[in-house]
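A.B. asks: Contents of target_2.csv (CSV, C-alpha atoms and all ligand atoms):
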```csv
chain,number,residue,atom,x,y,z
A,1,MET,CA,-13.9,18.4,4.6
A,2,ILE,CA,-10.7,16.8,3.5
A,3,ASN,CA,-10.7,15.5,-0.1
A,4,ASN,CA,-7.1,14.4,-0.5
A,5,ILE,CA,-6.1,11.4,1.6
A,6,LEU,CA,-2.4,11.6,0.5
A,7,GLU,CA,-0.5,14.6,-0.8
A,8,PHE,CA,3.2,14.9,-1.8
A,9,LYS,CA,4.4,18.4,-2.3
A,10,GLU,CA,7.8,18.8,-4.1
A,11,VAL,CA,9.2,15.6,-2.4
A,12,TRP,CA,12.8,14.8,-3.0
A,13,LYS,CA,14.7,11.8,-1.7
A,14,THR,CA,18.4,11.4,-1.8
A,15,TYR,CA,20.4,8.4,-0.6
A,16,GLY,CA,24.1,8.3,0.4
A,17,ASP,CA,26.6,11.1,1.1
A,18,ASP,CA,28.1,13.8,-1.3
A,19,ARG,CA,30.3,11.2,-2.9
A,20,THR,CA,27.8,8.4,-3.3
A,21,LYS,CA,24.7,10.5,-3.8
A,22,ILE,CA,21.7,8.9,-5.5
A,23,THR,CA,18.6,11.0,-6.0
A,24,ALA,CA,15.7,8.5,-6.1
A,25,LEU,CA,12.8,11.0,-6.2
A,26,LYS,CA,13.0,14.4,-7.9
A,27,GLY,CA,10.3,16.9,-6.9
A,28,ILE,CA,7.3,14.6,-6.7
A,29,ASN,CA,3.8,16.2,-6.6
A,30,LEU,CA,0.9,13.8,-6.0
A,31,GLU,CA,-2.7,14.1,-4.8
A,32,LEU,CA,-4.8,11.1,-4.1
A,33,LYS,CA,-8.6,11.8,-3.8
A,34,LYS,CA,-10.8,10.0,-1.3
A,35,ASN,CA,-12.1,6.6,-2.5
A,36,SER,CA,-10.0,6.5,-5.6
A,37,LEU,CA,-7.8,3.7,-7.0
A,38,ASN,CA,-4.5,5.1,-8.1
A,39,LEU,CA,-1.8,3.3,-10.0
A,40,ILE,CA,1.9,4.3,-10.3
A,41,LEU,CA,3.5,2.4,-13.1
A,42,GLY,CA,7.3,2.3,-13.5
A,43,PRO,CA,10.2,0.0,-14.4
A,44,SER,CA,12.6,-1.4,-11.8
A,45,GLY,CA,14.8,1.3,-10.3
A,46,SER,CA,12.5,4.1,-11.1
A,47,GLY,CA,11.7,5.0,-7.5
A,48,LYS,CA,8.6,3.0,-6.6
A,49,THR,CA,9.9,1.4,-3.4
A,50,THR,CA,11.3,4.8,-2.3
A,51,LEU,CA,7.9,6.4,-2.8
A,52,LEU,CA,6.1,3.5,-1.0
A,53,ASN,CA,8.5,3.9,2.0
A,54,LEU,CA,7.8,7.6,2.1
A,55,ALA,CA,4.0,7.3,1.6
A,56,SER,CA,3.8,4.7,4.4
A,57,LEU,CA,6.0,6.8,6.7
A,58,LEU,CA,8.6,4.1,7.0
A,59,ASP,CA,11.1,6.7,5.8
A,60,SER,CA,11.2,10.5,5.6
A,61,PRO,CA,11.9,12.8,2.6
A,62,THR,CA,15.1,14.7,2.1
A,63,ASN,CA,12.9,17.7,1.1
A,64,GLY,CA,9.2,18.4,0.7
A,65,GLU,CA,6.0,17.7,2.5
A,66,ILE,CA,3.9,14.5,2.8
A,67,ILE,CA,0.4,15.2,4.0
A,68,ILE,CA,-1.9,12.4,5.2
A,69,ASN,CA,-5.6,13.2,5.7
A,70,GLY,CA,-4.7,16.9,6.0
A,71,GLN,CA,-1.9,16.4,8.5
A,72,ASP,CA,1.7,17.4,7.5
A,73,THR,CA,3.9,14.5,8.6
A,74,SER,CA,7.3,16.0,8.0
A,75,LYS,CA,7.7,17.5,11.5
A,76,LEU,CA,6.4,14.4,13.3
A,77,SER,CA,8.7,12.2,15.5
A,78,LYS,CA,9.3,8.6,14.6
A,79,SER,CA,6.7,7.4,17.1
A,80,GLY,CA,4.2,10.0,15.7
A,81,ARG,CA,4.8,8.5,12.2
A,82,THR,CA,4.4,5.0,13.5
A,83,LYS,CA,1.1,5.9,15.1
A,84,ILE,CA,-0.3,7.2,11.9
A,85,ARG,CA,1.0,4.2,10.0
A,86,ARG,CA,-0.7,1.8,12.4
A,87,ASN,CA,-4.0,3.7,12.5
A,88,ARG,CA,-4.4,5.1,9.0
A,89,ILE,CA,-2.4,3.1,6.6
A,90,GLY,CA,-2.6,-0.5,5.4
A,91,ILE,CA,0.1,-2.1,3.3
A,92,VAL,CA,0.0,-5.1,0.9
A,93,TYR,CA,3.1,-6.5,-0.6
A,94,GLN,CA,3.8,-8.7,-3.6
A,95,ARG,CA,4.0,-11.7,-1.3
A,96,ALA,CA,1.3,-12.1,1.4
A,97,ASN,CA,4.0,-12.5,4.1
A,98,LEU,CA,1.7,-14.3,6.5
A,99,PHE,CA,3.3,-15.9,9.5
A,100,PRO,CA,3.4,-19.7,8.8
A,101,TYR,CA,2.8,-20.8,12.4
A,102,LEU,CA,-0.2,-18.7,12.9
A,103,ASN,CA,-3.6,-19.5,11.4
A,104,ILE,CA,-5.3,-17.1,9.1
A,105,LEU,CA,-7.4,-15.5,11.8
A,106,GLU,CA,-4.4,-15.1,14.1
A,107,ASN,CA,-2.4,-13.6,11.3
A,108,ILE,CA,-5.1,-11.0,10.6
A,109,MET,CA,-5.5,-10.1,14.3
A,110,LEU,CA,-1.8,-9.6,14.9
A,111,PRO,CA,-1.8,-5.9,13.8
A,112,MET,CA,-5.4,-5.3,14.9
A,113,ILE,CA,-5.8,-2.6,17.4
A,114,SER,CA,-9.2,-3.5,18.8
A,115,LYS,CA,-8.5,-7.3,18.8
A,116,ASP,CA,-12.2,-7.8,18.0
A,117,ILE,CA,-12.5,-11.5,16.9
A,118,ASN,CA,-16.0,-11.1,15.3
A,119,ASN,CA,-14.8,-8.1,13.3
A,120,ALA,CA,-11.7,-10.0,12.1
A,121,SER,CA,-13.8,-12.9,11.0
A,122,LYS,CA,-16.2,-10.5,9.2
A,123,THR,CA,-13.3,-8.9,7.4
A,124,LEU,CA,-12.0,-12.3,6.3
A,125,ASN,CA,-15.5,-13.2,5.0
A,126,LYS,CA,-15.6,-9.9,3.0
A,127,VAL,CA,-12.5,-11.1,1.1
A,128,GLY,CA,-14.1,-14.5,0.6
A,129,ILE,CA,-12.2,-16.5,3.2
A,130,VAL,CA,-14.1,-18.8,5.5
A,131,GLU,CA,-11.2,-21.2,6.3
A,132,THR,CA,-10.1,-18.9,9.1
A,133,SER,CA,-8.4,-21.6,11.2
A,134,LYS,CA,-6.3,-23.0,8.4
A,135,PHE,CA,-2.6,-22.2,8.2
A,136,PRO,CA,-1.2,-20.1,5.3
A,137,ASP,CA,0.3,-23.1,3.5
A,138,GLU,CA,-3.0,-24.9,3.5
A,139,ILE,CA,-4.7,-22.3,1.3
A,140,SER,CA,-3.9,-21.1,-2.3
A,141,ILE,CA,-1.6,-18.2,-3.1
A,142,GLU,CA,-4.6,-16.2,-4.2
A,143,LYS,CA,-6.3,-16.8,-0.9
A,144,GLN,CA,-3.1,-15.9,1.0
A,145,GLN,CA,-3.1,-12.6,-0.9
A,146,ARG,CA,-6.8,-12.1,-0.1
A,147,ALA,CA,-5.9,-12.6,3.6
A,148,ALA,CA,-3.2,-10.0,3.2
A,149,LEU,CA,-5.8,-7.6,1.9
A,150,ALA,CA,-8.0,-8.3,4.9
A,151,ARG,CA,-5.0,-7.7,7.2
A,152,ALA,CA,-4.4,-4.3,5.4
A,153,MET,CA,-8.0,-3.3,6.1
A,154,ILE,CA,-8.2,-4.5,9.6
A,155,ASN,CA,-7.8,-1.1,11.4
A,156,ASP,CA,-10.0,0.6,8.8
A,157,PRO,CA,-7.3,2.8,7.4
A,158,HIS,CA,-7.8,5.8,5.1
A,159,LEU,CA,-5.1,4.7,2.8
A,160,ILE,CA,-4.1,1.3,1.5
A,161,ILE,CA,-0.8,0.9,-0.3
A,162,ALA,CA,-0.4,-2.1,-2.5
A,163,ASP,CA,3.1,-2.9,-3.9
A,164,GLU,CA,2.8,-5.1,-6.9
A,165,PRO,CA,-0.2,-6.9,-5.3
A,166,THR,CA,-0.7,-9.3,-8.2
A,167,GLY,CA,2.9,-10.0,-8.9
A,168,GLU,CA,2.7,-13.7,-7.8
A,169,LEU,CA,-0.7,-14.4,-9.3
A,170,ASP,CA,-1.9,-15.9,-12.6
A,171,LYS,CA,-4.4,-14.0,-14.8
A,172,LYS,CA,-7.5,-15.5,-13.2
A,173,SER,CA,-6.3,-14.8,-9.7
A,174,THR,CA,-5.2,-11.3,-10.7
A,175,GLU,CA,-8.7,-10.5,-11.9
A,176,ALA,CA,-10.2,-11.9,-8.6
A,177,VAL,CA,-7.8,-9.9,-6.4
A,178,MET,CA,-8.3,-6.7,-8.5
A,179,ASP,CA,-12.1,-7.1,-8.2
A,180,LEU,CA,-11.7,-7.1,-4.5
A,181,ILE,CA,-9.3,-4.1,-4.5
A,182,ILE,CA,-11.9,-2.2,-6.6
A,183,LYS,CA,-14.6,-3.0,-3.9
A,184,MET,CA,-12.2,-1.7,-1.2
A,185,LYS,CA,-12.6,1.8,-2.8
A,186,ASN,CA,-15.9,2.2,-1.0
A,187,LYS,CA,-14.1,2.6,2.3
A,188,HIS,CA,-10.5,3.3,1.4
A,189,THR,CA,-8.2,5.2,-0.9
A,190,ILE,CA,-5.8,2.9,-2.7
A,191,LEU,CA,-2.3,3.5,-4.1
A,192,MET,CA,-0.9,0.7,-6.2
A,193,LEU,CA,2.7,0.5,-7.4
A,194,SER,CA,3.5,-1.8,-10.3
A,195,ASN,CA,5.5,-2.4,-13.4
A,196,ASN,CA,2.6,-4.4,-14.9
A,197,ASP,CA,0.8,-2.4,-17.7
A,198,ASP,CA,-2.3,-4.7,-17.5
A,199,LEU,CA,-3.3,-3.1,-14.2
A,200,LYS,CA,-4.1,0.2,-16.0
A,201,GLU,CA,-7.6,-0.9,-16.8
A,202,TYR,CA,-8.6,-1.0,-13.2
A,203,CYS,CA,-7.4,2.4,-12.0
A,204,ASP,CA,-9.1,5.8,-11.7
A,205,GLU,CA,-5.8,7.8,-11.9
A,206,LEU,CA,-2.6,6.7,-13.6
A,207,PHE,CA,0.8,8.1,-12.9
A,208,LEU,CA,4.1,7.1,-14.6
A,209,ILE,CA,7.4,7.1,-12.7
A,210,LYS,CA,10.7,7.1,-14.4
A,211,ASP,CA,14.2,8.1,-13.1
A,212,GLY,CA,12.6,9.6,-10.0
A,213,TYR,CA,10.2,11.9,-11.9
A,214,LEU,CA,6.4,11.4,-11.7
A,215,GLN,CA,4.0,12.3,-14.4
A,216,LYS,CA,0.2,12.2,-14.3
A,217,LYS,CA,-1.4,10.6,-17.4
B,1,LIG,P1,12.0,0.6,-7.7
B,1,LIG,O1,11.3,0.2,-6.5
B,1,LIG,O2,11.2,1.3,-8.8
B,1,LIG,O3,12.8,-0.5,-8.3
B,1,LIG,P2,13.8,2.1,-5.9
B,1,LIG,O4,13.0,3.1,-5.2
B,1,LIG,O5,14.1,0.8,-5.2
B,1,LIG,O6,13.1,1.7,-7.3
B,1,LIG,O7,15.2,2.7,-6.3
B,1,LIG,C1,15.3,4.0,-7.0
B,1,LIG,C2,16.8,4.4,-7.0
B,1,LIG,O8,17.3,4.6,-5.7
B,1,LIG,C3,17.6,3.3,-7.6
B,1,LIG,O9,18.7,3.9,-8.3
B,1,LIG,C4,18.2,2.6,-6.4
B,1,LIG,O10,19.4,2.0,-6.7
B,1,LIG,C5,18.3,3.7,-5.4
B,1,LIG,N1,18.2,3.2,-4.0
B,1,LIG,C6,17.0,2.7,-3.5
B,1,LIG,N2,17.2,2.4,-2.1
B,1,LIG,C7,18.5,2.8,-1.8
B,1,LIG,C8,19.3,2.9,-0.6
B,1,LIG,N3,18.8,2.4,0.5
B,1,LIG,N4,20.5,3.4,-0.7
B,1,LIG,C9,21.0,3.8,-1.9
B,1,LIG,N5,20.3,3.8,-3.1
B,1,LIG,C10,19.1,3.3,-3.0
```
Please express what this file holds, its structure, as structure tokens.
Ligand code: ADP
C.D. replies:
Amino acid sequence: MINNILEFKEVWKTYGDDRTKITALKGINLELKKNSLNLILGPSGSGKTTLLNLASLLDSPTNGEIIINGQDTSKLSKSGRTKIRRNRIGIVYQRANLFPYLNILENIMLPMISKDINNASKTLNKVGIVETSKFPDEISIEKQQRAALARAMINDPHLIIADEPTGELDKKSTEAVMDLIIKMKNKHTILMLSNNDDLKEYCDELFLIKDGYLQKK
């Protein structure tokens, strides 16, 4: 049985050539346990986006291994990585990034592999959205972010990565969205990246990132 949904082993990421070299991640080790809520806290420029791009297999490391659900992804082709991303990883960004000319249901179904309309409606209901035929600008920012959570869950991924998921929200909406994210732990492992200290209270595991170094608290 696999207990770690995501593992980084001595992961390094360097941008640029010899002259312009920037080392954004410096020997990162990370283990995310099944059904846990993990927070990586760090200031701007510390390496969070780089880590997100690697964990979501949008980019590959300069050195080291990234293991998802027991599978080493470093030797995979680009299409192999894309397949894992589609099937096993859901991503939520600071802004919901819903398509404005598609209604909420259509937005959620866009990345859905099974295209099962009942399942899509159920997933939206789970995050408290019944206005499935409304367009994004007809619902609140909080509801748009709830819809983005539903979209991230739509293919039942092992791992959900949330990049500053409450960055656009006020305190009340932050609490509502975080309550939902906590509930998502039942079926998913969650990795949140943020520079907001207030999110500490919600997480099971806390990591700090600074200048490309990661430290478990
Ligand atoms: P954060 O998301 O925490 O703000 P980033 O991962 O974006 O941090 O950046 C970490 C470091 O890597 C910064 O010094 C940044 O300038 C650098 N960096 C990020 N992306 C690139 C890139 N595509 N090319 C060159 N340097 C980059």
A.B. asks: Taking 3 positions as the minimum chain separation for residues in the same chain, which residues sit within 9 Å of A:Ser36 when counting only C-alpha atoms? Answer as a list in words.
C.D. replies: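 What passes the distance filter is Leu32, Lys33, Ile182, Lys185, Asn186, His188, Thr189, Ile190, Leu191, Cys203, Asp204 and Glu205 of chain A.
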A.B. asks: Mind giving me the straight-line distance from atom CA of A:Ala96 to atom CA of A:Glu142 in Å, one decimal?
C.D. replies: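 Taking atom CA of A:Ala96 and atom CA of A:Glu142, their separation equals 9.1 Å.
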A.B. asks: Just give me the gap between atom CA of A:Asn196 and atom CA of A:Pro111 in Å, one decimal is fine.
C.D. replies: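 So the answer is 29.1 Å.
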A.B. asks: Between chain A and ligand LIG 1 (chain B), at 6 Å or less, what are the per-residue closest atom pairs and their distances in Å? Count only C-alpha atoms and all ligand atoms, order by chain and rising residue number, and return it as JSON lines.
C.D. replies:
```
{"residue": "A:Tyr15", "atom": "CA", "partner": "B:LIG1", "partner_atom": "C9", "distance": 4.8}
{"residue": "A:Gly16", "atom": "CA", "partner": "B:LIG1", "partner_atom": "C9", "distance": 5.9}
{"residue": "A:Ile22", "atom": "CA", "partner": "B:LIG1", "partner_atom": "N5", "distance": 5.8}
{"residue": "A:Ala24", "atom": "CA", "partner": "B:LIG1", "partner_atom": "O8", "distance": 4.2}
{"residue": "A:Pro43", "atom": "CA", "partner": "B:LIG1", "partner_atom": "O2", "distance": 5.8}
{"residue": "A:Ser44", "atom": "CA", "partner": "B:LIG1", "partner_atom": "O3", "distance": 3.6}
{"residue": "A:Gly45", "atom": "CA", "partner": "B:LIG1", "partner_atom": "O3", "distance": 3.4}
{"residue": "A:Ser46", "atom": "CA", "partner": "B:LIG1", "partner_atom": "O2", "distance": 3.8}
{"residue": "A:Gly47", "atom": "CA", "partner": "B:LIG1", "partner_atom": "O4", "distance": 3.3}
{"residue": "A:Lys48", "atom": "CA", "partner": "B:LIG1", "partner_atom": "O2", "distance": 3.8}
{"residue": "A:Thr49", "atom": "CA", "partner": "B:LIG1", "partner_atom": "O1", "distance": 3.6}
{"residue": "A:Thr50", "atom": "CA", "partner": "B:LIG1", "partner_atom": "O4", "distance": 3.8}
```
A.B. asks: Emit the selected residues as a JSON list (two decimals), in the frame of the given file, including C-alpha atoms.
C.D. replies:
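Below you can see out_39.json, which holds the result:
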```
[["chain", "number", "residue", "atom", "x", "y", "z"],
["A", 15, "TYR", "CA", 20.40, 8.40, -0.60],
["A", 16, "GLY", "CA", 24.10, 8.30, 0.40],
["A", 22, "ILE", "CA", 21.70, 8.90, -5.50],
["A", 24, "ALA", "CA", 15.70, 8.50, -6.10],
["A", 43, "PRO", "CA", 10.20, 0.00, -14.40],
["A", 44, "SER", "CA", 12.60, -1.40, -11.80],
["A", 45, "GLY", "CA", 14.80, 1.30, -10.30],
["A", 46, "SER", "CA", 12.50, 4.10, -11.10],
["A", 47, "GLY", "CA", 11.70, 5.00, -7.50],
["A", 48, "LYS", "CA", 8.60, 3.00, -6.60],
["A", 49, "THR", "CA", 9.90, 1.40, -3.40],
["A", 50, "THR", "CA", 11.30, 4.80, -2.30]]
```
A.B. asks: Counting only C-alpha atoms, which residue out of A:Leu105, A:Ile113, A:Leu98, A:Ile66 sits closest to A:Lys83?
C.D. replies: A:Ile113
A.B. asks: Using only C-alpha atoms, find the one residue out of A:Glu10, A:Gln215, A:Asn69, A:Asp17 that sits nearest to A:Ile84.
C.D. replies: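 Looking at the shortest contact to A:Ile84, the residue is A:Asn69.
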A.B. asks: Counting all atoms listed in the file, what is within 9 Å of A:Ile104, bar same-chain residues fewer than 2 positions away, as a ChimeraX atom specification?
C.D. replies: /A:98-99,102,106-109,124,131-136,144,147
A.B. asks: What is the atom CA of A:Asn4 to atom CA of A:Lys34 distance in Å?
C.D. replies: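 Atom-to-atom, atom CA of A:Asn4 to atom CA of A:Lys34, that is 5.8 Å.
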A.B. asks: Tell me which protein, DNA and RNA residues are within 8 Å of stretch 70-78 of chain A, counting all atoms listed in the file, leaving out same-chain ones fewer than 4 positions away, and put them as a PyMOL selection string.
C.D. replies: chain A and resi 2+4-6+60-61+64-66+82
A.B. asks: Output as CSV one row per residue of stretch 92-180 of chain A within 10 Å of stretch 38-42 of chain A: the closest atom pair and its distance in Å to one decimal place, counting all atoms listed in the file, sorted by chain and residue number ascending.
C.D. replies:
```
residue,atom,partner,partner_atom,distance
A:Ile161,CA,A:Asn38,CA,9.6
A:Ala162,CA,A:Leu39,CA,9.3
A:Asp163,CA,A:Ile40,CA,9.7
A:Glu164,CA,A:Leu41,CA,9.8
```
A.B. asks: Can you write out the residues you just picked, keeping C-alpha atoms, as a CSV table (one decimal), keeping the file's coordinate frame?
C.D. replies:
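Result file follows (selection_31.csv):
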```csv
chain,number,residue,atom,x,y,z
A,161,ILE,CA,-0.8,0.9,-0.3
A,162,ALA,CA,-0.4,-2.1,-2.5
A,163,ASP,CA,3.1,-2.9,-3.9
A,164,GLU,CA,2.8,-5.1,-6.9
```
A.B. asks: Which residues come within 8 Å of A:Val127, counting all atoms listed in the file, excluding same-chain residues fewer than 4 positions away, as a VMD selection string?
C.D. replies: chain A and resid 123 146 to 147 149 to 150 180
A.B. asks: Write the selection just made, keeping C-alpha atoms, as a JSON list (two decimals), in the frame of the given file?
C.D. replies:
```json
[["chain", "number", "residue", "atom", "x", "y", "z"],
["A", 123, "THR", "CA", -13.30, -8.90, 7.40],
["A", 146, "ARG", "CA", -6.80, -12.10, -0.10],
["A", 147, "ALA", "CA", -5.90, -12.60, 3.60],
["A", 149, "LEU", "CA", -5.80, -7.60, 1.90],
["A", 150, "ALA", "CA", -8.00, -8.30, 4.90],
["A", 180, "LEU", "CA", -11.70, -7.10, -4.50]]
```
A.B. asks: Residues within 6 Å of (-4.5, 7.8, 5.4), file coordinates, counting all atoms listed in the file: what are they? Give the list as a list of chain:residue names.
C.D. replies: A:Ile5, A:Ile68, A:Asn69, A:Arg88, A:Ile89, A:His158, A:Leu159
A.B. asks: Of the residues A:Pro100, A:Leu37, A:Ile154, A:Ile139, which is the one nearest to A:Met178, using only C-alpha atoms?
C.D. replies: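 Nearest to A:Met178: A:Leu37.
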A.B. asks: Using only C-alpha atoms for the distances, tell me which of A:Ser56, A:Asn118, A:Gln145, A:Asn125 is nearest to A:Ile91.
C.D. replies: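 Looking only at the distances to A:Ile91, the closest residue turns out to be A:Ser56.
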A.B. asks: Considering only C-alpha atoms, state which residue in the set A:Gly90, A:Asn195, A:Ser173, A:Gly27 is at the smallest distance from A:Met153.
C.D. replies: A:Gly90
